[in-house]
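**Q** You'll find start-v6.pdb just under this line, and it carries PDB, C-alpha atoms and all ligand atoms.
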```
ATOM      1  CA  MET A   1      23.233   1.046   9.771  1.00  0.00           C
ATOM      2  CA  THR A   2      19.479   0.609   9.576  1.00  0.00           C
ATOM      3  CA  VAL A   3      17.679  -2.138   7.692  1.00  0.00           C
ATOM      4  CA  LYS A   4      15.045  -1.330   5.085  1.00  0.00           C
ATOM      5  CA  ILE A   5      12.683  -3.976   3.752  1.00  0.00           C
ATOM      6  CA  ALA A   6      10.545  -3.110   0.711  1.00  0.00           C
ATOM      7  CA  ILE A   7       7.397  -5.053  -0.118  1.00  0.00           C
ATOM      8  CA  ASP A   8       5.646  -4.196  -3.370  1.00  0.00           C
ATOM      9  CA  GLY A   9       2.936  -5.806  -5.448  1.00  0.00           C
ATOM     10  CA  PRO A  10      -0.586  -5.439  -6.827  1.00  0.00           C
ATOM     11  CA  ALA A  11      -3.745  -4.901  -4.761  1.00  0.00           C
ATOM     12  CA  GLY A  12      -4.775  -7.786  -2.540  1.00  0.00           C
ATOM     13  CA  ALA A  13      -1.532  -9.760  -2.811  1.00  0.00           C
ATOM     14  CA  GLY A  14      -1.327  -9.874   0.984  1.00  0.00           C
ATOM     15  CA  LYS A  15       1.418  -7.260   1.294  1.00  0.00           C
ATOM     16  CA  SER A  16       0.094  -5.404   4.290  1.00  0.00           C
ATOM     17  CA  THR A  17      -0.777  -8.455   6.392  1.00  0.00           C
ATOM     18  CA  VAL A  18       2.599 -10.001   5.673  1.00  0.00           C
ATOM     19  CA  ALA A  19       4.475  -6.730   6.197  1.00  0.00           C
ATOM     20  CA  LYS A  20       2.747  -6.167   9.543  1.00  0.00           C
ATOM     21  CA  LYS A  21       3.584  -9.650  10.810  1.00  0.00           C
ATOM     22  CA  LEU A  22       7.136  -9.425   9.586  1.00  0.00           C
ATOM     23  CA  ALA A  23       7.648  -6.050  11.272  1.00  0.00           C
ATOM     24  CA  LYS A  24       6.347  -7.506  14.520  1.00  0.00           C
ATOM     25  CA  LEU A  25       8.651 -10.523  14.337  1.00  0.00           C
ATOM     26  CA  LEU A  26      11.676  -8.361  13.607  1.00  0.00           C
ATOM     27  CA  ASN A  27      10.617  -5.542  15.928  1.00  0.00           C
ATOM     28  CA  TYR A  28      10.823  -3.067  13.019  1.00  0.00           C
ATOM     29  CA  THR A  29       8.515  -0.169  12.183  1.00  0.00           C
ATOM     30  CA  TYR A  30       5.744  -0.974   9.695  1.00  0.00           C
ATOM     31  CA  ILE A  31       4.932   1.735   7.157  1.00  0.00           C
ATOM     32  CA  ASP A  32       1.799   1.384   5.010  1.00  0.00           C
ATOM     33  CA  THR A  33       2.301   3.804   2.106  1.00  0.00           C
ATOM     34  CA  GLY A  34      -1.029   2.851   0.514  1.00  0.00           C
ATOM     35  CA  ALA A  35      -2.747   4.249   3.603  1.00  0.00           C
ATOM     36  CA  MET A  36      -1.092   7.607   2.894  1.00  0.00           C
ATOM     37  CA  TYR A  37      -2.453   7.752  -0.683  1.00  0.00           C
ATOM     38  CA  ARG A  38      -5.817   6.682   0.702  1.00  0.00           C
ATOM     39  CA  ALA A  39      -5.710   9.466   3.324  1.00  0.00           C
ATOM     40  CA  ILE A  40      -5.156  12.136   0.656  1.00  0.00           C
ATOM     41  CA  THR A  41      -7.973  10.644  -1.422  1.00  0.00           C
ATOM     42  CA  TYR A  42     -10.261  10.643   1.623  1.00  0.00           C
ATOM     43  CA  LYS A  43      -9.507  14.303   2.306  1.00  0.00           C
ATOM     44  CA  ALA A  44     -10.026  15.289  -1.338  1.00  0.00           C
ATOM     45  CA  ILE A  45     -13.430  13.562  -1.305  1.00  0.00           C
ATOM     46  CA  GLN A  46     -14.361  15.222   2.012  1.00  0.00           C
ATOM     47  CA  GLU A  47     -13.447  18.622   0.590  1.00  0.00           C
ATOM     48  CA  LYS A  48     -15.346  17.844  -2.621  1.00  0.00           C
ATOM     49  CA  VAL A  49     -12.298  18.500  -4.780  1.00  0.00           C
ATOM     50  CA  ASN A  50     -12.647  17.341  -8.354  1.00  0.00           C
ATOM     51  CA  LEU A  51      -9.974  14.695  -8.902  1.00  0.00           C
ATOM     52  CA  ILE A  52      -8.757  16.347 -12.090  1.00  0.00           C
ATOM     53  CA  GLU A  53      -7.749  19.420 -10.089  1.00  0.00           C
ATOM     54  CA  GLU A  54      -4.213  18.194  -9.603  1.00  0.00           C
ATOM     55  CA  ASN A  55      -2.844  21.316  -7.940  1.00  0.00           C
ATOM     56  CA  LYS A  56      -5.564  21.330  -5.309  1.00  0.00           C
ATOM     57  CA  ILE A  57      -4.894  17.691  -4.513  1.00  0.00           C
ATOM     58  CA  ALA A  58      -1.162  18.364  -4.350  1.00  0.00           C
ATOM     59  CA  ASP A  59      -1.905  21.171  -1.855  1.00  0.00           C
ATOM     60  CA  ILE A  60      -3.864  18.704   0.251  1.00  0.00           C
ATOM     61  CA  ALA A  61      -0.953  16.248   0.123  1.00  0.00           C
ATOM     62  CA  GLN A  62       1.465  18.985   1.148  1.00  0.00           C
ATOM     63  CA  SER A  63      -0.527  20.325   4.065  1.00  0.00           C
ATOM     64  CA  ALA A  64      -2.005  17.046   5.356  1.00  0.00           C
ATOM     65  CA  ASP A  65      -0.699  15.982   8.722  1.00  0.00           C
ATOM     66  CA  ILE A  66      -0.443  12.208   8.348  1.00  0.00           C
ATOM     67  CA  ILE A  67       0.616  10.069  11.277  1.00  0.00           C
ATOM     68  CA  LEU A  68       1.041   6.310  10.992  1.00  0.00           C
ATOM     69  CA  GLU A  69       0.888   4.517  14.315  1.00  0.00           C
ATOM     70  CA  GLY A  70       1.127   0.785  13.875  1.00  0.00           C
ATOM     71  CA  GLU A  71      -2.049  -0.179  12.077  1.00  0.00           C
ATOM     72  CA  LYS A  72      -3.714   3.162  12.658  1.00  0.00           C
ATOM     73  CA  ILE A  73      -3.605   6.254  10.512  1.00  0.00           C
ATOM     74  CA  PHE A  74      -4.410   9.756  11.702  1.00  0.00           C
ATOM     75  CA  LEU A  75      -5.162  12.621   9.362  1.00  0.00           C
ATOM     76  CA  ASP A  76      -5.000  16.095  10.921  1.00  0.00           C
ATOM     77  CA  GLY A  77      -5.461  14.454  14.303  1.00  0.00           C
ATOM     78  CA  LYS A  78      -8.457  12.280  13.356  1.00  0.00           C
ATOM     79  CA  ASP A  79      -8.341   8.487  13.255  1.00  0.00           C
ATOM     80  CA  ILE A  80      -9.408   7.591   9.699  1.00  0.00           C
ATOM     81  CA  SER A  81      -8.178   3.971   9.689  1.00  0.00           C
ATOM     82  CA  GLU A  82     -11.607   2.581   8.867  1.00  0.00           C
ATOM     83  CA  GLU A  83     -12.835   5.276   6.483  1.00  0.00           C
ATOM     84  CA  ILE A  84      -9.893   4.867   4.119  1.00  0.00           C
ATOM     85  CA  ARG A  85     -10.730   1.187   3.477  1.00  0.00           C
ATOM     86  CA  LYS A  86     -14.243   1.908   2.272  1.00  0.00           C
ATOM     87  CA  PRO A  87     -15.185   1.422  -1.418  1.00  0.00           C
ATOM     88  CA  GLY A  88     -15.578   5.173  -2.058  1.00  0.00           C
ATOM     89  CA  VAL A  89     -11.881   5.706  -1.343  1.00  0.00           C
ATOM     90  CA  SER A  90     -10.705   2.451  -2.984  1.00  0.00           C
ATOM     91  CA  GLU A  91     -12.424   3.396  -6.235  1.00  0.00           C
ATOM     92  CA  LYS A  92     -10.710   6.784  -6.439  1.00  0.00           C
ATOM     93  CA  VAL A  93      -7.281   6.259  -4.898  1.00  0.00           C
ATOM     94  CA  SER A  94      -5.484   5.251  -8.108  1.00  0.00           C
ATOM     95  CA  LEU A  95      -6.566   8.481  -9.772  1.00  0.00           C
ATOM     96  CA  VAL A  96      -5.071  10.500  -6.939  1.00  0.00           C
ATOM     97  CA  SER A  97      -1.885   8.455  -6.772  1.00  0.00           C
ATOM     98  CA  LYS A  98      -1.105   8.915 -10.433  1.00  0.00           C
ATOM     99  CA  ILE A  99      -0.681  12.677  -9.977  1.00  0.00           C
ATOM    100  CA  PRO A 100       3.115  13.247 -10.179  1.00  0.00           C
ATOM    101  CA  LYS A 101       3.144  16.096  -7.635  1.00  0.00           C
ATOM    102  CA  VAL A 102       1.214  14.041  -5.095  1.00  0.00           C
ATOM    103  CA  ARG A 103       3.734  11.223  -5.500  1.00  0.00           C
ATOM    104  CA  GLU A 104       6.678  13.582  -5.112  1.00  0.00           C
ATOM    105  CA  ILE A 105       5.265  14.923  -1.847  1.00  0.00           C
ATOM    106  CA  LEU A 106       4.328  11.540  -0.394  1.00  0.00           C
ATOM    107  CA  VAL A 107       7.603   9.882  -1.412  1.00  0.00           C
ATOM    108  CA  GLN A 108       9.440  12.615   0.502  1.00  0.00           C
ATOM    109  CA  LYS A 109       7.244  12.068   3.540  1.00  0.00           C
ATOM    110  CA  GLN A 110       7.765   8.305   3.324  1.00  0.00           C
ATOM    111  CA  ARG A 111      11.546   8.624   3.187  1.00  0.00           C
ATOM    112  CA  LYS A 112      11.438  10.950   6.170  1.00  0.00           C
ATOM    113  CA  ILE A 113       9.345   8.524   8.212  1.00  0.00           C
ATOM    114  CA  ALA A 114      11.808   5.728   7.380  1.00  0.00           C
ATOM    115  CA  GLU A 115      14.897   7.774   8.225  1.00  0.00           C
ATOM    116  CA  GLY A 116      17.103   6.301  10.928  1.00  0.00           C
ATOM    117  CA  LYS A 117      14.784   3.372  11.573  1.00  0.00           C
ATOM    118  CA  ASN A 118      14.595  -0.296  10.721  1.00  0.00           C
ATOM    119  CA  VAL A 119      11.465  -0.504   8.601  1.00  0.00           C
ATOM    120  CA  VAL A 120       9.194  -2.784   6.642  1.00  0.00           C
ATOM    121  CA  MET A 121       7.489  -0.576   4.065  1.00  0.00           C
ATOM    122  CA  ASP A 122       4.782  -1.767   1.698  1.00  0.00           C
ATOM    123  CA  GLY A 123       3.419  -0.178  -1.473  1.00  0.00           C
ATOM    124  CA  ARG A 124       3.895  -0.146  -5.243  1.00  0.00           C
ATOM    125  CA  ASP A 125       7.148   1.769  -5.791  1.00  0.00           C
ATOM    126  CA  ILE A 126       9.112   1.125  -2.605  1.00  0.00           C
ATOM    127  CA  GLY A 127      11.891  -0.988  -4.108  1.00  0.00           C
ATOM    128  CA  THR A 128      12.037   1.055  -7.310  1.00  0.00           C
ATOM    129  CA  VAL A 129      11.660   4.655  -6.095  1.00  0.00           C
ATOM    130  CA  VAL A 130      11.113   5.264  -2.372  1.00  0.00           C
ATOM    131  CA  LEU A 131      13.876   3.069  -0.945  1.00  0.00           C
ATOM    132  CA  PRO A 132      15.972   1.940  -3.917  1.00  0.00           C
ATOM    133  CA  ASP A 133      18.824   0.997  -1.554  1.00  0.00           C
ATOM    134  CA  ALA A 134      16.673  -1.278   0.594  1.00  0.00           C
ATOM    135  CA  GLN A 135      18.638  -4.383   1.616  1.00  0.00           C
ATOM    136  CA  PHE A 136      15.623  -6.620   0.977  1.00  0.00           C
ATOM    137  CA  LYS A 137      13.081  -6.188  -1.785  1.00  0.00           C
ATOM    138  CA  PHE A 138      10.114  -8.450  -2.255  1.00  0.00           C
ATOM    139  CA  PHE A 139       7.406  -8.398  -4.877  1.00  0.00           C
ATOM    140  CA  LEU A 140       4.311 -10.310  -3.767  1.00  0.00           C
ATOM    141  CA  THR A 141       1.767 -11.362  -6.312  1.00  0.00           C
ATOM    142  CA  ALA A 142      -1.148 -13.786  -6.729  1.00  0.00           C
ATOM    143  CA  SER A 143      -3.801 -14.531  -9.337  1.00  0.00           C
ATOM    144  CA  LEU A 144      -6.459 -11.835  -9.776  1.00  0.00           C
ATOM    145  CA  GLU A 145      -9.211 -14.204  -8.589  1.00  0.00           C
ATOM    146  CA  GLU A 146      -7.323 -15.156  -5.453  1.00  0.00           C
ATOM    147  CA  ARG A 147      -6.555 -11.520  -4.642  1.00  0.00           C
ATOM    148  CA  ALA A 148     -10.203 -10.558  -5.154  1.00  0.00           C
ATOM    149  CA  LYS A 149     -11.293 -13.445  -2.943  1.00  0.00           C
ATOM    150  CA  ARG A 150      -8.978 -12.342  -0.130  1.00  0.00           C
ATOM    151  CA  ARG A 151     -10.027  -8.709  -0.342  1.00  0.00           C
ATOM    152  CA  TYR A 152     -13.704  -9.695  -0.480  1.00  0.00           C
ATOM    153  CA  ARG A 153     -13.354 -11.850   2.659  1.00  0.00           C
ATOM    154  CA  GLU A 154     -11.556  -9.041   4.458  1.00  0.00           C
ATOM    155  CA  LEU A 155     -14.259  -6.511   3.574  1.00  0.00           C
ATOM    156  CA  LYS A 156     -17.000  -8.931   4.630  1.00  0.00           C
ATOM    157  CA  THR A 157     -15.445  -9.326   8.090  1.00  0.00           C
ATOM    158  CA  LYS A 158     -15.627  -5.537   8.327  1.00  0.00           C
ATOM    159  CA  ASN A 159     -19.285  -5.614   7.286  1.00  0.00           C
ATOM    160  CA  VAL A 160     -18.670  -3.617   4.120  1.00  0.00           C
ATOM    161  CA  ASN A 161     -21.514  -4.205   1.699  1.00  0.00           C
ATOM    162  CA  VAL A 162     -19.911  -5.236  -1.637  1.00  0.00           C
ATOM    163  CA  SER A 163     -20.124  -8.189  -4.000  1.00  0.00           C
ATOM    164  CA  TYR A 164     -17.201 -10.390  -5.026  1.00  0.00           C
ATOM    165  CA  TYR A 165     -17.596  -9.170  -8.593  1.00  0.00           C
ATOM    166  CA  GLU A 166     -17.392  -5.512  -7.542  1.00  0.00           C
ATOM    167  CA  VAL A 167     -14.219  -6.217  -5.587  1.00  0.00           C
ATOM    168  CA  LEU A 168     -12.681  -8.070  -8.534  1.00  0.00           C
ATOM    169  CA  LYS A 169     -13.460  -5.218 -10.910  1.00  0.00           C
ATOM    170  CA  GLU A 170     -12.164  -2.606  -8.479  1.00  0.00           C
ATOM    171  CA  ILE A 171      -8.787  -4.258  -7.960  1.00  0.00           C
ATOM    172  CA  GLU A 172      -8.438  -5.052 -11.653  1.00  0.00           C
ATOM    173  CA  ASN A 173      -9.109  -1.427 -12.471  1.00  0.00           C
ATOM    174  CA  ARG A 174      -6.678  -0.203  -9.809  1.00  0.00           C
ATOM    175  CA  ASP A 175      -3.933  -2.540 -11.048  1.00  0.00           C
ATOM    176  CA  THR A 176      -4.362  -1.275 -14.599  1.00  0.00           C
ATOM    177  CA  ILE A 177      -4.075   2.381 -13.578  1.00  0.00           C
ATOM    178  CA  ASP A 178      -1.225   1.666 -11.115  1.00  0.00           C
ATOM    179  CA  SER A 179       0.806  -0.262 -13.698  1.00  0.00           C
ATOM    180  CA  GLN A 180       0.243   2.088 -16.599  1.00  0.00           C
ATOM    181  CA  ARG A 181       0.781   5.495 -14.991  1.00  0.00           C
ATOM    182  CA  ASP A 182       3.811   7.498 -16.136  1.00  0.00           C
ATOM    183  CA  THR A 183       5.232   8.306 -12.715  1.00  0.00           C
ATOM    184  CA  SER A 184       6.641   5.374 -10.744  1.00  0.00           C
ATOM    185  CA  PRO A 185       4.273   2.691 -11.998  1.00  0.00           C
ATOM    186  CA  LEU A 186       3.855  -0.625 -10.260  1.00  0.00           C
ATOM    187  CA  LYS A 187       6.700  -2.752 -11.566  1.00  0.00           C
ATOM    188  CA  ILE A 188       9.114  -5.353 -10.316  1.00  0.00           C
ATOM    189  CA  ALA A 189      12.442  -3.900  -9.175  1.00  0.00           C
ATOM    190  CA  GLU A 190      15.328  -5.661 -10.919  1.00  0.00           C
ATOM    191  CA  ASP A 191      16.827  -6.822  -7.652  1.00  0.00           C
ATOM    192  CA  SER A 192      13.583  -7.891  -6.057  1.00  0.00           C
ATOM    193  CA  ILE A 193      12.540 -11.409  -5.071  1.00  0.00           C
ATOM    194  CA  VAL A 194       9.187 -12.314  -6.623  1.00  0.00           C
ATOM    195  CA  ILE A 195       6.876 -14.520  -4.584  1.00  0.00           C
ATOM    196  CA  ASP A 196       3.615 -15.862  -5.969  1.00  0.00           C
ATOM    197  CA  THR A 197       1.361 -16.282  -2.945  1.00  0.00           C
ATOM    198  CA  THR A 198      -1.648 -17.802  -4.771  1.00  0.00           C
ATOM    199  CA  TYR A 199      -1.198 -21.190  -3.133  1.00  0.00           C
ATOM    200  CA  LEU A 200       0.552 -20.074   0.041  1.00  0.00           C
ATOM    201  CA  SER A 201      -0.936 -19.234   3.418  1.00  0.00           C
ATOM    202  CA  GLU A 202      -0.073 -15.955   5.110  1.00  0.00           C
ATOM    203  CA  GLU A 203       2.060 -17.843   7.620  1.00  0.00           C
ATOM    204  CA  GLU A 204       3.988 -19.550   4.837  1.00  0.00           C
ATOM    205  CA  VAL A 205       4.713 -16.248   3.124  1.00  0.00           C
ATOM    206  CA  VAL A 206       5.844 -14.625   6.375  1.00  0.00           C
ATOM    207  CA  GLU A 207       8.096 -17.570   7.122  1.00  0.00           C
ATOM    208  CA  LYS A 208       9.610 -17.463   3.648  1.00  0.00           C
ATOM    209  CA  LEU A 209      10.445 -13.762   3.902  1.00  0.00           C
ATOM    210  CA  TYR A 210      11.644 -14.064   7.484  1.00  0.00           C
ATOM    211  CA  ASN A 211      14.061 -16.849   6.579  1.00  0.00           C
ATOM    212  CA  ILE A 212      15.474 -14.901   3.628  1.00  0.00           C
ATOM    213  CA  ILE A 213      15.979 -11.839   5.837  1.00  0.00           C
ATOM    214  CA  LYS A 214      17.561 -13.780   8.700  1.00  0.00           C
ATOM    215  CA  GLU A 215      19.975 -15.394   6.295  1.00  0.00           C
ATOM    216  CA  GLY A 216      20.893 -12.082   4.704  1.00  0.00           C
ATOM    217  CA  LEU A 217      21.335 -10.002   7.837  1.00  0.00           C
TER     218      LEU A 217
HETATM  219  O1  LIG A 301      -1.808  -0.660  -0.713  1.00  0.00           O
HETATM  220  P1  LIG A 301      -3.213  -0.172  -1.048  1.00  0.00           P
HETATM  221  O2  LIG A 301      -3.959  -1.143  -1.889  1.00  0.00           O
HETATM  222  O3  LIG A 301      -3.952   0.273   0.165  1.00  0.00           O
HETATM  223  O4  LIG A 301      -2.943   1.121  -1.926  1.00  0.00           O
HETATM  224  C1  LIG A 301      -3.985   1.898  -2.425  1.00  0.00           C
HETATM  225  C2  LIG A 301      -3.562   2.591  -3.702  1.00  0.00           C
HETATM  226  O5  LIG A 301      -2.551   3.570  -3.404  1.00  0.00           O
HETATM  227  C3  LIG A 301      -2.946   1.729  -4.788  1.00  0.00           C
HETATM  228  O6  LIG A 301      -3.915   1.113  -5.611  1.00  0.00           O
HETATM  229  C4  LIG A 301      -2.119   2.743  -5.567  1.00  0.00           C
HETATM  230  O7  LIG A 301      -2.925   3.484  -6.455  1.00  0.00           O
HETATM  231  C5  LIG A 301      -1.654   3.698  -4.485  1.00  0.00           C
HETATM  232  N1  LIG A 301      -0.299   3.441  -4.023  1.00  0.00           N
HETATM  233  C6  LIG A 301       0.744   3.903  -4.792  1.00  0.00           C
HETATM  234  N2  LIG A 301       2.017   3.795  -4.339  1.00  0.00           N
HETATM  235  C7  LIG A 301       2.284   3.197  -3.169  1.00  0.00           C
HETATM  236  C8  LIG A 301       1.231   2.690  -2.377  1.00  0.00           C
HETATM  237  C9  LIG A 301      -0.060   2.803  -2.855  1.00  0.00           C
HETATM  238  O8  LIG A 301       0.520   4.448  -5.870  1.00  0.00           O
HETATM  239  N3  LIG A 301       3.550   3.148  -2.747  1.00  0.00           N
END
```
Show how you would write the structure in this file as structure tokens.
**A**
Amino acid sequence: MTVKIAIDGPAGAGKSTVAKKLAKLLNYTYIDTGAMYRAITYKAIQEKVNLIEENKIADIAQSADIILEGEKIFLDGKDISEEIRKPGVSEKVSLVSKIPKVREILVQKQRKIAEGKNVVMDGRDIGTVVLPDAQFKFFLTASLEERAKRRYRELKTKNVNVSYYEVLKEIENRDTIDSQRDTSPLKIAEDSIVIDTTYLSEEEVVEKLYNIIKEGL
């Protein structure tokens, strides 16, 4: 039997950094589902599709060849790992990911990628929708200010030109859309372990999760 670990939570809660480290420690495959929604958004912007044209965006989601390779993401053969983190994509991604058809298509792809493997998958609906039978479900959260601070620092190291205030507004806006959409909104799975990371270092969070997993395996 394979082991599935779901990590959900709002933007900037440290999910991806923690999930990556955890996957490395356990020698599991890391799957960043947010990167997949970002890739579709990137392609829609490139093709100048109006984001209210849901069918066109669903077509993009269906035909896009998305390959996740560790921390890298390839779309139709092109490495777009950096492009998808830029503000243009971050601002629009929640509008794309609230389209039910897009979710249906990406959820299918995500389940397929996870099939037959031990995985650590991070996102918003992993424990509730994508992998409801996951043996371990975590919901990471932190105060809005702390999440904005972390995301701001991360963007600064990548030389992205944004202000702290812009980052705070962007993640607040994304959280609102992600939590209020009709299809698989961001919410805590009943059987998930909630961890507030506001006052914890990345290492402490990884250790916490690792210990829970080791005990439960
Ligand atoms: O994880 P990340 O912040 O990169 O995700 C970007 C966006 O993708 C989220 O704000 C959300 O709109 C969407 N998303 C989602 N479901 C997931 C993962 C991400 O709706 N499982």
**Q** Report the closest atom pair, with its distance in Å rounded to one decimal, for each residue of region 99-153 of chain A that has an atom no farther than 9 Å from region 194-201 of chain A; count only C-alpha atoms, sort by chain and then rising residue number, and write it as JSON lines.
**A**
```
{"residue": "A:Lys137", "atom": "CA", "partner": "A:Val194", "partner_atom": "CA", "distance": 8.7}
{"residue": "A:Phe138", "atom": "CA", "partner": "A:Val194", "partner_atom": "CA", "distance": 5.9}
{"residue": "A:Phe139", "atom": "CA", "partner": "A:Val194", "partner_atom": "CA", "distance": 4.6}
{"residue": "A:Leu140", "atom": "CA", "partner": "A:Ile195", "partner_atom": "CA", "distance": 5.0}
{"residue": "A:Thr141", "atom": "CA", "partner": "A:Asp196", "partner_atom": "CA", "distance": 4.9}
{"residue": "A:Ala142", "atom": "CA", "partner": "A:Thr198", "partner_atom": "CA", "distance": 4.5}
{"residue": "A:Ser143", "atom": "CA", "partner": "A:Thr198", "partner_atom": "CA", "distance": 6.0}
{"residue": "A:Glu146", "atom": "CA", "partner": "A:Thr198", "partner_atom": "CA", "distance": 6.3}
{"residue": "A:Arg147", "atom": "CA", "partner": "A:Thr198", "partner_atom": "CA", "distance": 8.0}
```
**Q** Can you work out which one of A:Leu168, A:Val130, A:Val206, A:Ile73 has the shortest atom-to-atom distance to Arg38 (chain A), counting all atoms listed in the file?
**A** A:Ile73
**Q** With all atoms listed in the file counted and 8 Å as the cut-off, give the residues of chain A in contact with ligand LIG 301 (chain A), each with its shortest interatomic distance in Å and the pair that gives it, as CSV.
**A**
```
residue,atom,partner,partner_atom,distance
A:Asp8,CA,A:LIG301,N3,7.7
A:Pro10,CA,A:LIG301,O2,7.4
A:Ala11,CA,A:LIG301,O2,4.7
A:Gly12,CA,A:LIG301,O2,6.7
A:Lys15,CA,A:LIG301,O1,7.6
A:Ser16,CA,A:LIG301,O1,7.2
A:Asp32,CA,A:LIG301,O1,7.1
A:Thr33,CA,A:LIG301,C8,4.7
A:Gly34,CA,A:LIG301,C9,3.5
A:Ala35,CA,A:LIG301,O3,5.4
A:Met36,CA,A:LIG301,C9,7.6
A:Tyr37,CA,A:LIG301,O5,5.0
A:Arg38,CA,A:LIG301,C1,6.0
A:Arg85,CA,A:LIG301,O3,7.6
A:Ser90,CA,A:LIG301,C1,6.8
A:Val93,CA,A:LIG301,C2,5.4
A:Ser94,CA,A:LIG301,O7,3.5
A:Leu95,CA,A:LIG301,O7,7.0
A:Val96,CA,A:LIG301,O7,7.4
A:Ser97,CA,A:LIG301,O8,4.8
A:Lys98,CA,A:LIG301,O8,6.6
A:Arg103,CA,A:LIG301,O8,7.5
A:Val107,CA,A:LIG301,N3,8.0
A:Asp122,CA,A:LIG301,N3,6.7
A:Gly123,CA,A:LIG301,N3,3.6
A:Arg124,CA,A:LIG301,N3,4.1
A:Asp125,CA,A:LIG301,N3,4.9
A:Ile126,CA,A:LIG301,N3,5.9
A:Val130,CA,A:LIG301,N3,7.9
A:Ile171,CA,A:LIG301,O6,7.6
A:Arg174,CA,A:LIG301,O6,5.2
A:Asp175,CA,A:LIG301,O6,6.6
A:Ile177,CA,A:LIG301,O7,7.3
A:Asp178,CA,A:LIG301,O7,5.3
A:Ser184,CA,A:LIG301,O8,7.9
A:Pro185,CA,A:LIG301,O8,7.4
A:Leu186,CA,A:LIG301,O8,7.5
```
**Q** Leaving out Leu51 (chain A) and any residue of its chain fewer than 3 positions from it, which residues lie within 10 Å of it when counting all atoms listed in the file, given as a VMD selection string?
**A** chain A and resid 41 44 to 45 48 54 to 57 92 to 93 95 to 96 99
**Q** Using all atoms listed in the file, pick whichever of A:Val167, A:Val129, A:Leu209, A:Leu22 has the shortest atom-to-atom distance to Ala148 (chain A).
**A**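 Checking each of A:Val167, A:Val129, A:Leu209, A:Leu22 against Ala148 (chain A), counting all atoms listed in the file, the winner is A:Val167.
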**Q** Please return as a PyMOL selection string every residue within 10 Å of (14.5, 9.7, -2.5), taking into account all atoms listed in the file and the file's own coordinates.
**A** chain A and resi 104+107-112+129-133
**Q** Kindly provide the residues of region 68-168 of chain A that approach region 60-64 of chain A to within 8 Å, each paired with its closest atom pair and their distance in Å to one decimal, based on all atoms listed in the file, listed by chain and increasing number, as CSV.
**A**
```
residue,atom,partner,partner_atom,distance
A:Leu75,CA,A:Ala64,CA,6.8
A:Asp76,CA,A:Ala64,CA,6.4
A:Val102,CA,A:Ala61,CA,6.1
A:Ile105,CA,A:Gln62,CA,6.3
A:Leu106,CA,A:Ala61,CA,7.1
```
